Each structure stands twice: as structure tokens, then as C-alpha cells.
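Asker: Have a look at the structure that comes next, please.
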Amino acid sequence: IPMLLAPAIGPILSGWLIGFASWHWIFLINLPIGIAALLVGIKYLPNVERQKAPALDILGMILAPIAFSMLAYGVSEGGTDWGSTKTLTGLIVGGVALILFIIVELRQKQPLLELRVFGSSDFTRGVIILWISQVALFGAILMIPLYLQNVRGFTALESGLTTLPMAICSMIFMPIGGRLFDKLGARPLAFTGLTIIAVALFTLSQVNVDTKMALVMIPIAMMGAGMGLSMMSLNTHVLNSAPRRLVSRVTPLTTASQQVVTSFAIAGLTGYLTSQISVHMKEAGAGGDPLISATSAFDDTFFVTAFVALAGVLLSIILRKPRVKADHEREEDAPDPAMMMGH
């Protein structure tokens with residue numbers, strides 16, 4: 001729940017911090033929180049039996065940051081010009097590093113990220129749909145405050161408060177999604193949730209400078225409802241579909257990949273938004289209204305994210321319940337996937 005609510009509540013807190021203090025506190029606030037977490041952990045976390053530490057995957061630790069950071073840089077620059085030297089350098093260097101990283105991880109006995117889990121087709125389908133939903137959701141969460149501040153003239157706090165309906169709807173629909181998941185599985189929930197998100201994003205792609213705020217808030221609330229229905233069920237499906245002997249390695253993989261995908265979404269969509277603003281400004285000419293050009297660019301970006309969500313809707317049709325092994329097929333020492341959700 002905190003993982004899904006934080007992106008919706010974060011803009012409210014950060015908007016308040018910017019207005020009350022300065023933007024530096026968006027980062028400084030993590031210091032007291034981190035110190036408190038350390039103290040609580042030292043006092044209350046149980047002491048467990050120490051085991052032999054796994055060997056560090058040095059090559060993986062070197063290649064992963066190069067691959068993902070350069071690819072994110074290339075995607076960001078590509079939003080302006082896919083043929084530029086910066087874009088091609090980022091994509092080529094990042095692509096080569098990614099290929100080398102995959103080869104290294106598949107050959108390592110104790111890899112940094114356990115890529116062998118992609119051998120499960122159920123896991124692969126689930127995690128791809130999860131990535132698609134994150135691109136659509138977190139891209140929109142970034143774009144909405146930018147639109148409200150740059151086009152509608154909202155303050156940081158005012159634009160942050162507009163995400164409150166998303167947080168409330170997420171909080172309402174997450175337990176509903178959890179109960180329905182036990183009965184129906186992930187497919188109908190992912191299909192319904194991503195459909196709601198796609199409709200909400202398409203609605204946002206129709207806004208203009210004079211659109212009433214109620215017509216902006218309703219799609220924001222819809223995205224919260226769609227997120228509550230789909231994200232938790234997809235996360236649980238991914239864990240349940242992983243081979244049981246690899247479940248303990250799935251959480252680091254999914255967490256890292258989600259961070260990378262979110263970075264790609266932000267880099268790609270902000271680059272696309274910037275390029276579309278330039279396109280619409282040129283089309284409007286010297287006497288054009290810059291607010292109308294900016295609104296058209298935001299509409300284009302929301303339209304693209306709507307199609308990303310629609311791709312997730314179509315892929316959700318092929319989701320299936322993971323095959324349940326008989327008791328004699330289960331690995332005795334494998335952890336229970338349900339117990340990994342809190343990690």
C-alpha cells in the first residue's frame with residue numbers, strides 16, 4: 001500500500017515543502033526519516049542466524065548502472081531528436097552494456113539480478129504488463145502537476161492537492177482488488193484496471209486551457225481506482241508465477257526493474273513533451289498563444305500514455321493463473337510467495 005500510495009501523496013507533501021520552505025527539503029526530509037528508520041530497525045528488527053554472505057557480482061554492479069543510466073539518457077534525448085549524437089551514444093553504449101549485463105547475469109551462480117526467472121512464461125507476461133502499467137501511471141503522475149502549474153498557473157501545493165483523489169481511490173480499491181484477486185485471479189482485475197486508466201488518460205488528452213477542473217479531477221480519480229485494482233493484483237501474480245526456488249530473488253529483480261522502467265517513462269515522456277511543445281510553437285507562429293501550444297503538447301503526451309495503457313489492456317487478455325504444482329513437486333526449502341509481498 002505505501003508503495004502505491006506514495007507517488008500520489010508525494011506531490012502534496014513536496015508541494016507543501018516548496019511553498020513552506022524550499023525545494024531542497026524534498027531531499028533533506030529523507031535524512032530524519034532515514035535516521036528514525038535506522039534507530040527503529042536496530043531496536044526492533046530480530047536477530048537472525050548469520051549465514052555465509054554471497055559473493056558480490058562485481059561485473060553486474062559495474063554494467064547495470066552503465067546500461068540503465070545510458071539507456072535512460074538516450075531515451076530522454078530521443079524525445080528531442082532520435083538521430084542526434086547524444087541520443088545514439090546513449091542508446092548504443094547502454095544497449096551494449098545491457099547485452100553484456102544479461103550475459104554476465106545468466107552465467108553467474110549468484111547474480112546481482114536473477115534473470116533466469118524470465119524462463120517462466122507466466123512471470124514474463126505478468127512483469128511486462130506491470131511495466132506497461134507503470135509507464136502509463138507514473139508518466140501521468142508526472143505530467144498532471146506540470147500541466148496544472150505551467151498551463152493553469154497552479155502553485156506547487158495546489159497542483160499536489162489535485163492528486164488527492166487518486167490516493168483516496170487507490171486506498172478504497174486496493175482492498176477490493178485484493179479480495180477479488182483471491183476469487184478471480186489477476187486477468188480480469190488487470191484488464192478492468194488498465195481499461196479504466198486508458199479511458200482516464202484519453203479523457204485527459206482532450207483538455208484545453210478552459211477545461212473545468214472537475215473534468216480534470218475525475219480522470220485523476222479514475223487512475224487511482226484503476227491503479228488500486230490492477231497494480232497489487234499484478235504484483236501478487238508476478239510473485240506467484242515465479243519458480244518457487246527463485247521467489248526470494250524475485251523481489252530485488254522486480255523492484256530494480258520497476259525503478260528503471262519508471263525512469264525510462266519519465267525520461268521518454270518529458271522528452272516527448274518538450275519536442276511537442278516546440279512543434280506546436282512553430283505551427284502557431286510568432287503570434288500564437290504559448291499556453292495553447294503547451295496544452296496541445298500535453299494532450300499529445302496524454303494520448304501516447306493512453307495507448308501505452310491500451311497495450312497493457314490487450315496483453316492482460318493472455319494472463320493466466322500460474323500452474324499450481326503438486327506437493328511432491330514443490331521445493332521444500334522454497335519460501336512462500338505470499339510471505340514475500342512485504343519485502
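Identifiers in the C-alpha cells: chain A, B, ... in order shown; residue index from 1 per chain; ligand index from 1 in order shown.
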Can you build me a table of stretch 47-102 of chain A residues sitting at most 10 Å from stretch 263-282 of chain A, with the closest atom pair per residue and its distance in Å to one decimal, using only C-alpha atoms, sorted by chain and residue number, as CSV?

Answerer:
```
residue,atom,partner,partner_atom,distance
A:Phe68,CA,A:Phe264,CA,8.8
A:Ser69,CA,A:Ser263,CA,8.9
A:Leu71,CA,A:Phe264,CA,7.9
A:Ala72,CA,A:Phe264,CA,5.3
A:Tyr73,CA,A:Ala267,CA,7.3
A:Gly74,CA,A:Ala267,CA,8.8
A:Val75,CA,A:Gly268,CA,5.3
A:Ser76,CA,A:Ala267,CA,4.4
A:Glu77,CA,A:Gly271,CA,6.5
A:Gly78,CA,A:Gly271,CA,6.9
A:Gly79,CA,A:Gly271,CA,3.9
A:Thr80,CA,A:Ser275,CA,5.0
A:Asp81,CA,A:Ser275,CA,8.1
```

Asker: Any idea what's packed within 9 Å of A:Ser133, counting only C-alpha atoms, ignoring anything in its chain fewer than 6 positions away? Could you give it as a ChimeraX atom specification?

Answerer: /A:194,197,227,230-231,308-309,312

Asker: Which is closer to A:Ser159 than all the others in A:Ile318, A:Ala311, A:Leu215, A:Ile9, using only C-alpha atoms?

Answerer: A:Ile9

Asker: Calculated over only C-alpha atoms, which of the candidates A:Pro252, A:Val209, A:Val93, A:Leu189 has the smallest distance to A:Gly153?

Answerer: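 Selected residue with least distance to A:Gly153: A:Val209.
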
Asker: If you count only C-alpha atoms, which residues fall within 8 Å of A:Gly185, apart from same-chain ones fewer than 3 positions away, as a list in words?

Answerer: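 Contacts, in chain order: Leu180, Phe181, Asp182, Pro188, Leu189, Ser233, His237 and Lys321 of chain A.
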